[in-house]
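Structure first, then comments.
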Amino acid sequence: MQGIACACYTHHWFLKYMPESIPADSVGLVTPETITFDDPLTLACGRTLKGYQLKVETYGNLNTKKTNAVLICHALSGHHHAAGYHSMSDRKPGWWDNYIGPGKPIDTNELFVVSLNNIGGCHGSTGPTSFNPETGKPFGPDFPVVTVTDWVNTQAALANYFAIEQWAAVIGGSLGGMQALQWSMTYPERLRYALIIASAPKLSAQNIAFNEVARQAIMKDEDFYGGRYLENSTYPKSGLMLARMVGHITYLSDAAMRSKFGRDLRSGHLNFNYEVDFQVESYLRYQGEVFSEGFDANSYLLMTKALDYFDPAAEFDGDLTTALEQTQCKFLLISFTTDWRFSPERSKEIVDALLNAKKDVSYLEVDAPEGHDAFLLPIARYKQAFYAYMNRIIREVA
Amino acid sequence: MRNDFAIIEPWITPNSRVLDLGCGDGTLLQHLQTHKDIQGYGLEIDEIYINECLTKGVNVIQQNLDQGLSNFTDNSFDTVVMTQALQAVHYPHLVLDEMMRVGHECIVTFPNFGHWRCRLYLAQRGRMPVSKFMPYTWYDTPNIHFCTFKDFEELCRTKRLRILNRTVVDQSHQGHWLFHILPNVFGEIAIYRLARS
């Protein structure tokens, strides 16, 4: 039953995304590289990684003065593959291909774009699926819980690797925006601009509550094995599915779901049983299914914890203004009207703190029905503002 | 540069902080950034204007003036400017209060509804004036709170505001000797510089 439900979507998506030829405004075929860092990394939790690897993609060319580099920070389920295609048979391009490419807002004709998979992730950087050199087995649940600050520290090591003293900009949406915000505080002199999109200065109780439901779904799965599922040659598929389903609901707005699915029935009639009746059920199951096949459960737990723990104002008695006083870069914040995961009010908290701290900041609230997901999508007004701001950065650094 | 901006410029202290309410395309702030080295912010709701500010490198915050300035702390700016927006807000007196709270000084410009052409139009035709300068019909206009210079000065008196400067100009922001004799009849645009008393 589920298999059939998925098939129609899969077919549809293949038609939509498979490139017959690479579009002119694409960075084209890209190959990720793995960069090894041998210096030990002390983490916020107190533990130390003896060394680590980062999976990285770059687009465009670094100029001789090394002033045109831009760092892209990914969100909860993101990774290094932000733009272009890995092969002609890819069914879709990188996750932020709408905004990165030649002639796009993050213009690879002018900028050197660095995109990485954060540690703790599951797309090639050191994380729970990596082998623990001390045990010869995957880290699994023994991988330390990392924080946004830990990620920013590894990203600074990555900047050193490329001999980039100062990023022209650090850019991210959602959890990626939190990394851009953390950059401005941890390494104030190492970035000129921070672009923080659909983000928040910390999670609300409601945000944490949704994350906890996701974690419980994973941990209560009988195939979870306390996080040692890989050693048991299995994985908590239904738990991951549930986690993604609940997450996905928070990424969409009520209006977006209504216009996408309404109360449409999958087979035209009610079944009077507990199989899929409504299209929205079919969609969520499909999303969960696809996600569960490509994402590691321990990584998901870890990423949600990194979100929950993010609170840069905490060490300043909860005063975000004081926390931001040390920053030196200019800021752009963008929010979306129907985003209820990180609503415009959450972005405004950052904007107001920056205003109070007398920092250079601009803010835009984009009227968009797509909810939190809007930051990934091609929305005219968002794109135009992004262009306008990036052009000014390019004029300054390129 | 617009003539009213040329009048405003000498009133801005170099290296000061300026908040521009309804900043438009950011021309004034950009000019003051270049020539007076100010730290400026503009508030604007029009998306095309916002983009122009972003391109110019002018700080711009998407914010509706009718929702107040509660996100700005007391005395956090040297000057708060509002050009040609007073007549378009829901509660001009409250916006003025907020401007005086946030800034040490305020600069306000607005069109004079007491101008002789308005008076003549209303007297002759018995209808709300429509002109090239004020081209809107009464029922569909952004300008919902017209006032005359006298009205505004009465409001300043009620609020015990000090008028540091007052300049009256025509639509193209030029002065004329008649404006000194009967500003409320001949002046088309007023530029006031205010402080708390």
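Letters A, B, ... go to the chains of the structure tokens in the order shown; residues in each chain start at 1; ligands are counted from 1 in the same order.
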Requested in this report: Would you please extract all strand (DSSP E or B) residues from range 176-371 of chain A, as assigned by DSSP on the backbone, and give them as a ChimeraX atom specification?
Outcome: /A:191-197,265,278,330-336,361-366
Report task. Determine which residues of chain B sit within 6 Å of chain A, taking into account only C-alpha atoms, and present them as an NGL selection string. Result -> :B and (51 or 54-55 or 59-62 or 71)
Query raised in the report: Near range 202-209 of chain A, within 8 Å and counting only C-alpha atoms, which residues show up once chain neighbours fewer than 2 positions away are dropped, as a list of chain:residue names?
Result: A:Ala200, A:Asn211, A:Glu212, A:Val213, A:Leu307, A:Asp308, A:Tyr309, A:Phe310, A:Asp311, A:Pro312, A:Arg341
Next, the residues of the selection above should be written as a compact mmCIF listing (two decimals), in the first residue's frame with all heavy atoms.
```txt
# COMPACT_ATOMS: atom_id res chain seq x y z
N ALA A 200 16.57 32.04 14.29
CA ALA A 200 16.13 32.48 15.62
C ALA A 200 17.36 32.56 16.53
O ALA A 200 18.35 31.87 16.30
CB ALA A 200 15.12 31.50 16.20
N ASN A 211 11.23 18.85 18.68
CA ASN A 211 12.47 18.07 18.57
C ASN A 211 12.42 16.85 19.47
O ASN A 211 12.89 15.78 19.11
CB ASN A 211 13.68 18.94 18.94
CG ASN A 211 14.09 19.84 17.79
OD1 ASN A 211 13.64 19.65 16.65
ND2 ASN A 211 14.94 20.81 18.08
N GLU A 212 11.84 17.02 20.66
CA GLU A 212 11.78 15.91 21.60
C GLU A 212 10.86 14.80 21.07
O GLU A 212 11.16 13.61 21.21
CB GLU A 212 11.33 16.40 22.98
CG GLU A 212 11.11 15.30 24.02
CD GLU A 212 12.35 14.44 24.32
OE1 GLU A 212 13.45 14.73 23.79
OE2 GLU A 212 12.20 13.45 25.06
N VAL A 213 9.77 15.18 20.46
CA VAL A 213 8.89 14.17 19.84
C VAL A 213 9.66 13.39 18.78
O VAL A 213 9.60 12.15 18.72
CB VAL A 213 7.63 14.82 19.23
CG1 VAL A 213 6.82 13.80 18.42
CG2 VAL A 213 6.75 15.44 20.30
N LEU A 307 20.47 22.21 17.91
CA LEU A 307 19.44 23.26 17.83
C LEU A 307 18.97 23.65 19.23
O LEU A 307 18.92 24.84 19.57
CB LEU A 307 18.23 22.74 17.04
CG LEU A 307 18.22 22.96 15.52
CD1 LEU A 307 17.15 22.08 14.90
CD2 LEU A 307 17.95 24.42 15.18
N ASP A 308 18.61 22.65 20.01
CA ASP A 308 18.07 22.92 21.36
C ASP A 308 19.05 23.71 22.22
O ASP A 308 18.65 24.58 23.00
CB ASP A 308 17.75 21.61 22.08
CG ASP A 308 16.56 20.87 21.47
OD1 ASP A 308 16.00 21.39 20.48
OD2 ASP A 308 16.20 19.79 21.98
N TYR A 309 20.35 23.37 22.09
CA TYR A 309 21.35 23.98 22.97
C TYR A 309 21.75 25.39 22.53
O TYR A 309 22.32 26.14 23.31
CB TYR A 309 22.62 23.12 23.01
CG TYR A 309 22.50 21.83 23.80
CD1 TYR A 309 21.32 21.48 24.44
CD2 TYR A 309 23.58 20.96 23.91
CE1 TYR A 309 21.22 20.30 25.16
CE2 TYR A 309 23.50 19.78 24.63
CZ TYR A 309 22.31 19.45 25.25
OH TYR A 309 22.23 18.28 25.95
N PHE A 310 21.45 25.74 21.29
CA PHE A 310 21.92 27.05 20.79
C PHE A 310 21.27 28.19 21.57
O PHE A 310 20.04 28.31 21.58
CB PHE A 310 21.60 27.18 19.29
CG PHE A 310 22.07 28.48 18.70
CD1 PHE A 310 23.43 28.75 18.55
CD2 PHE A 310 21.16 29.46 18.29
CE1 PHE A 310 23.88 29.95 18.01
CE2 PHE A 310 21.60 30.66 17.75
CZ PHE A 310 22.96 30.90 17.61
N ASP A 311 22.07 28.98 22.21
CA ASP A 311 21.57 30.13 22.97
C ASP A 311 22.75 31.04 23.31
O ASP A 311 23.24 31.07 24.43
CB ASP A 311 20.88 29.64 24.26
CG ASP A 311 20.26 30.80 25.03
OD1 ASP A 311 20.26 31.94 24.53
OD2 ASP A 311 19.78 30.55 26.16
N PRO A 312 23.24 31.78 22.29
CA PRO A 312 24.46 32.56 22.49
C PRO A 312 24.34 33.64 23.57
O PRO A 312 25.34 34.09 24.10
CB PRO A 312 24.72 33.18 21.11
CG PRO A 312 23.42 33.13 20.40
CD PRO A 312 22.69 31.93 20.93
N ARG A 341 7.74 28.01 12.41
CA ARG A 341 8.82 27.33 13.12
C ARG A 341 9.76 28.39 13.70
O ARG A 341 10.00 28.44 14.89
CB ARG A 341 9.56 26.39 12.17
CG ARG A 341 10.65 25.58 12.83
CD ARG A 341 11.33 24.67 11.82
NE ARG A 341 12.49 24.01 12.37
CZ ARG A 341 12.45 22.85 13.01
NH1 ARG A 341 11.31 22.22 13.20
NH2 ARG A 341 13.56 22.29 13.48
```
**Report entry** Pro92 in chain B environment, 9 Å, only C-alpha atoms, sequence neighbours closer than 5 positions dropped, as a VMD selection string
**Finding:** chain B and resid 66 86 to 87 97 145
Would you write out those residues with N, CA and C atoms, as a short mmCIF file (atom, residue, chain, number, x, y, z; two decimals), in the first residue's frame?
```cif
data_model
loop_
_atom_site.label_atom_id
_atom_site.label_comp_id
_atom_site.auth_asym_id
_atom_site.auth_seq_id
_atom_site.Cartn_x
_atom_site.Cartn_y
_atom_site.Cartn_z
N ASP B 66 3.22 52.90 11.75
CA ASP B 66 2.01 52.88 12.56
C ASP B 66 2.11 51.90 13.73
N LEU B 86 4.36 62.30 7.55
CA LEU B 86 3.49 62.64 8.69
C LEU B 86 2.01 62.50 8.33
N GLN B 87 1.67 62.95 7.10
CA GLN B 87 0.26 62.96 6.69
C GLN B 87 -0.23 61.55 6.34
N ASP B 97 5.48 61.69 19.19
CA ASP B 97 5.91 61.34 20.55
C ASP B 97 7.07 60.34 20.49
N HIS B 145 -3.99 62.29 6.95
CA HIS B 145 -4.01 63.31 8.00
C HIS B 145 -3.36 64.60 7.55
#
```
Requested in this report: Measuring atom to atom with only C-alpha atoms, identify which of A:Thr67, A:Gly28, A:Asn117, A:Ser238 is nearest to Leu191 in chain A.
Outcome: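 Counting only C-alpha atoms, the residue closest to Leu191 in chain A is A:Thr67.
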Query - Near-Gln174 in chain B list (9 Å; only C-alpha atoms; drop same-chain fewer than 5 positions) as number ranges by chain - result: B: 3-4, 168-169
Query raised in the report: Hey, which of A:Thr36, A:Gln326, A:Asn298, A:Asn118 ends up closest to Gln53 in chain A? Count only C-alpha atoms.
Result: A:Thr36
